[in-house]
Amino acid sequence: MKVLFVSRDITHHLVPFFKCLLNHYGNDNCIFAVTEHFEMRDKMGFPQYDGKWIFRVSKHSQEEYRSLWDKSDIIITRLWNEYSLVKTSLEKGKIVFYASERWFKPPVGIKRLFLPSYLKILFDFKRLSKHSNFFYLAMGYYAGCDFSRVGLCKGKTFNFGYFTPEYEFTHPIEPSNMKKLIWVGNMLDWKRTIDILVAYKDLSERYNISLKIIGEGDERKTLEEYVKKNNLSNVSFENFLPNENVKKELENADIYIMPSNGYEGWGAVVNEAMQTKCAVVSSKEIGSARSMIIDGENGLLYHSGNINELKQSISKLLNDNELLNSIQEAGYRTITQVWSAQEAARRFDIVVNCILEQKSIIHFKDGPLKLIF
């Protein structure tokens with residue numbers, strides 16, 4: 001069984017799942033095809049990859065690239081503009097999974113369909129989704145909602161997402177009376193990092209807390225000016241760090257806050273926070289949070305932009321150490337037992353076998369490869 005994974009880029013949130021496929025199907029039977037390179041990811045501290053399992057697509061390797069599609073039995077593609085290759089593969093009896101974050105992110109949303117180019121894509125996918133061997137891996141709950149909204153892949157849409165490499169804890173965390181809050185990411189306005197500072201301004205008057213903000217971007221100056229103007233204490237900024245360093249920072253923190261609006265497709269740092277036993281307070285509009293978090297059990301959810309809800313959620317954890325510890329442990333179990341790359345690959349193989357044997361697809365009750373629409 002030969003597997004082809006196609007993506008515009010290659011990141012540490014895609015590689016863990018693919019490497020589990022390598023382990024299962026064999027090193028000679030799996031190829032990760034990359035069509036572009038994003039220098040911004042290098043700057044953000046993401047690891048670089050090299051190996052025989054990577055095929056870098058260029059204008060000089062198009063024929064070989066098409067040959068990979070032809071030789072593969074199972075194809076997972078994150079590209080929306082490969083209609084011809086997907087159609088031909090399906091006609092040859094191959095199994096094709098299309099994987100993507102949500103199509104109709106705000107603020108434009110479904111109005112994108114007023115553009116002829118998007119409307120054409122929709123009609124292309126309407127034709128593909130009628131094929132019995134075409135399936136959708138929705139990278140976030142809202143991605144599945146978008147497909148369902150326009151009638152694509154009914155009964156063939158699976159919950160999916162990004163996965164984190166395994167992590168070994170570096171050292172026991174020393175108990176501290178000061179609770180540490182943290183945020184990590186690219187500082188863009190729709191990330192709503194300013195909401196954390198607004199909430200922190202009030203909370204810091206009532207609780208012994210600190211806040212670390214890691215990242216760079218257009219909003220950095222605005223955030224620093226807010227801290228200075230309001231004379232906020234115990235707030236620190238750091239530039240982008242290598243991913244392993246980010247995980248150490250998360251391990252040493254108590255609460256990770258994810259305030260992004262619906263423009264955030266998945267938000268893999270939520271995985272990383274839960275994996276390092278850092279309790280997550282996240283907006284409901286984020287794909288990863290809506291897919292993985294049960295409010296009050298393995299994280300806390302609130303509506304993006306609602307500062308009062310954000311403060312209430314953080315306060316719950318600051319007021320109740322037992323709840324904080326419970327959510328940290330539950331989040332860790334979620335990532336290591338349900339939303340792990342190993343478990344996703346295991347379930348993927350089960351689904352593939354059901355398709356090959358023309359059996360009813362097994363319904364997982366939660367997590368990756370759960371049939372959601």
# chains A, B, ... in the order shown; residues from 1 in each chain; ligands from 1

call {"tool": "select_by_dssp", "arguments": {"residues": "range 48-96 of chain A", "states": "helix (DSSP H, G or I)", "output": "ChimeraX atom specification"}}
result
/A:62-71,83-91

call {"tool": "residues_around", "arguments": {"residues": "Asp295 in chain A", "least_positions_apart": "2", "cutoff": "12 Å", "atoms": "only C-alpha atoms", "output": "list in words"}}
result
Ala279, Val280, Val281, Ser282, Ser283, Lys284, Ala289, Arg290, Ser291, Met292, Ile293, Glu297, Asn298, Gly299, Leu300, Leu301, Tyr302, His303, Ser313, Ile327, Ala330 and Gly331 of chain A

call {"tool": "select_by_dssp", "arguments": {"residues": "range 49-134 of chain A", "states": "strand (DSSP E)", "output": "PyMOL selection string"}}
result
chain A and resi 54-56+74-77+95-100+134

call {"tool": "residues_around", "arguments": {"residues": "Gly267 in chain A", "least_positions_apart": "2", "cutoff": "7 Å", "atoms": "only C-alpha atoms", "output": "list of chain:residue names"}}
result
A:Glu264, A:Gly265, A:Val269, A:Val270, A:Ile286, A:Gly287, A:Ser288

call {"tool": "residues_around", "arguments": {"residues": "range 344-350 of chain A", "least_positions_apart": "4", "cutoff": "10 Å", "atoms": "only C-alpha atoms", "output": "PyMOL selection string"}}
result
chain A and resi 16-25+160-163+337-340+354-356+361-362+364+367-370

call {"tool": "write_last_selection", "arguments": {"atoms": "N, CA and C atoms", "output": "compact mmCIF listing (two decimals), in the first residue's frame"}}
result
# COMPACT_ATOMS: atom_id res chain seq x y z
N PRO A 16 4.40 14.62 12.48
CA PRO A 16 4.18 13.48 13.40
C PRO A 16 3.18 12.45 12.85
N PHE A 17 2.07 12.92 12.30
CA PHE A 17 1.09 11.99 11.72
C PHE A 17 1.70 11.25 10.54
N PHE A 18 2.42 11.98 9.68
CA PHE A 18 3.01 11.33 8.50
C PHE A 18 4.04 10.28 8.92
N LYS A 19 4.85 10.57 9.93
CA LYS A 19 5.86 9.61 10.35
C LYS A 19 5.23 8.35 10.95
N CYS A 20 4.05 8.49 11.54
CA CYS A 20 3.34 7.31 12.02
C CYS A 20 2.85 6.48 10.83
N LEU A 21 2.47 7.15 9.74
CA LEU A 21 2.12 6.42 8.52
C LEU A 21 3.34 5.69 7.97
N LEU A 22 4.50 6.36 8.03
CA LEU A 22 5.75 5.72 7.61
C LEU A 22 5.98 4.42 8.38
N ASN A 23 5.79 4.50 9.69
CA ASN A 23 6.01 3.33 10.54
C ASN A 23 5.06 2.19 10.20
N HIS A 24 3.85 2.57 9.82
CA HIS A 24 2.84 1.54 9.55
C HIS A 24 2.95 0.95 8.15
N TYR A 25 3.09 1.82 7.14
CA TYR A 25 3.07 1.34 5.76
C TYR A 25 4.47 1.07 5.20
N PHE A 160 -10.46 15.98 12.08
CA PHE A 160 -9.02 15.84 11.91
C PHE A 160 -8.35 17.11 12.43
N GLY A 161 -7.04 17.20 12.30
CA GLY A 161 -6.35 18.39 12.79
C GLY A 161 -4.85 18.27 12.65
N TYR A 162 -4.15 18.96 13.52
CA TYR A 162 -2.69 18.90 13.57
C TYR A 162 -2.28 18.13 14.82
N PHE A 163 -1.05 17.62 14.79
CA PHE A 163 -0.57 16.79 15.89
C PHE A 163 0.83 17.22 16.29
N GLN A 337 -3.47 10.51 24.57
CA GLN A 337 -4.25 9.29 24.40
C GLN A 337 -5.26 9.35 23.25
N VAL A 338 -5.84 10.53 23.01
CA VAL A 338 -6.86 10.65 21.97
C VAL A 338 -6.33 11.40 20.76
N TRP A 339 -5.78 12.59 20.97
CA TRP A 339 -5.32 13.43 19.87
C TRP A 339 -3.81 13.29 19.64
N SER A 340 -3.31 12.08 19.73
CA SER A 340 -1.90 11.83 19.43
C SER A 340 -1.77 11.42 17.97
N CYS A 354 -11.75 -0.24 6.14
CA CYS A 354 -13.21 -0.30 5.98
C CYS A 354 -13.60 0.09 4.55
N ILE A 355 -12.94 1.10 4.01
CA ILE A 355 -13.23 1.54 2.64
C ILE A 355 -12.84 0.46 1.64
N LEU A 356 -11.64 -0.10 1.81
CA LEU A 356 -11.15 -1.13 0.89
C LEU A 356 -12.04 -2.37 0.90
N ILE A 361 -18.09 2.25 7.83
CA ILE A 361 -16.96 2.88 8.53
C ILE A 361 -17.22 2.91 10.02
N ILE A 362 -16.22 2.49 10.80
CA ILE A 362 -16.33 2.48 12.26
C ILE A 362 -16.52 3.91 12.77
N PHE A 364 -15.94 6.36 15.58
CA PHE A 364 -15.24 6.70 16.82
C PHE A 364 -16.07 7.76 17.54
N GLY A 367 -12.48 12.56 18.96
CA GLY A 367 -11.11 12.60 18.48
C GLY A 367 -10.97 12.52 16.98
N PRO A 368 -9.73 12.31 16.49
CA PRO A 368 -9.47 12.25 15.05
C PRO A 368 -10.16 11.06 14.40
N LEU A 369 -10.59 11.26 13.17
CA LEU A 369 -11.29 10.27 12.35
C LEU A 369 -12.68 9.95 12.86
N LYS A 370 -13.20 10.77 13.77
CA LYS A 370 -14.61 10.66 14.12
C LYS A 370 -15.42 11.19 12.92

call {"tool": "closest_residue", "arguments": {"among": "A:Glu166, A:Glu238, A:Glu272, A:Glu101", "to": "Tyr136 in chain A", "atoms": "only C-alpha atoms"}}
result
A:Glu101

call {"tool": "residues_around", "arguments": {"residues": "range 200-204 of chain A", "least_positions_apart": "2", "cutoff": "12 Å", "atoms": "only C-alpha atoms", "output": "number ranges by chain"}}
result
A: 178-182, 193-198, 206-212, 226-235, 257, 307-308, 310-319

call {"tool": "residues_around", "arguments": {"residues": "Lys92 in chain A", "least_positions_apart": "6", "cutoff": "10 Å", "atoms": "only C-alpha atoms", "output": "number ranges by chain"}}
result
A: 70, 73, 86

call {"tool": "closest_residue", "arguments": {"among": "A:Val34, A:Lys126, A:Asp28, A:Leu371", "to": "Thr11 in chain A", "atoms": "only C-alpha atoms"}}
result
A:Val34

call {"tool": "closest_residue", "arguments": {"among": "A:Gln358, A:Thr276, A:Thr77, A:Ser129", "to": "Glu251 in chain A", "atoms": "only C-alpha atoms"}}
result
A:Thr276

call {"tool": "closest_residue", "arguments": {"among": "A:Val150, A:Lys2, A:Val57, A:Asn29", "to": "Leu113 in chain A", "atoms": "only C-alpha atoms"}}
result
A:Val150

call {"tool": "atom_distance", "arguments": {"atom1": "CA of His12 in chain A", "atom2": "CA of Pro47 in chain A"}}
result
6.7 Å

call {"tool": "closest_residue", "arguments": {"among": "A:Lys277, A:Lys52, A:Lys154, A:Lys221", "to": "His131 in chain A", "atoms": "only C-alpha atoms"}}
result
A:Lys154

call {"tool": "atom_distance", "arguments": {"atom1": "CA of Thr170 in chain A", "atom2": "CA of Leu250 in chain A"}}
result
11.4 Å
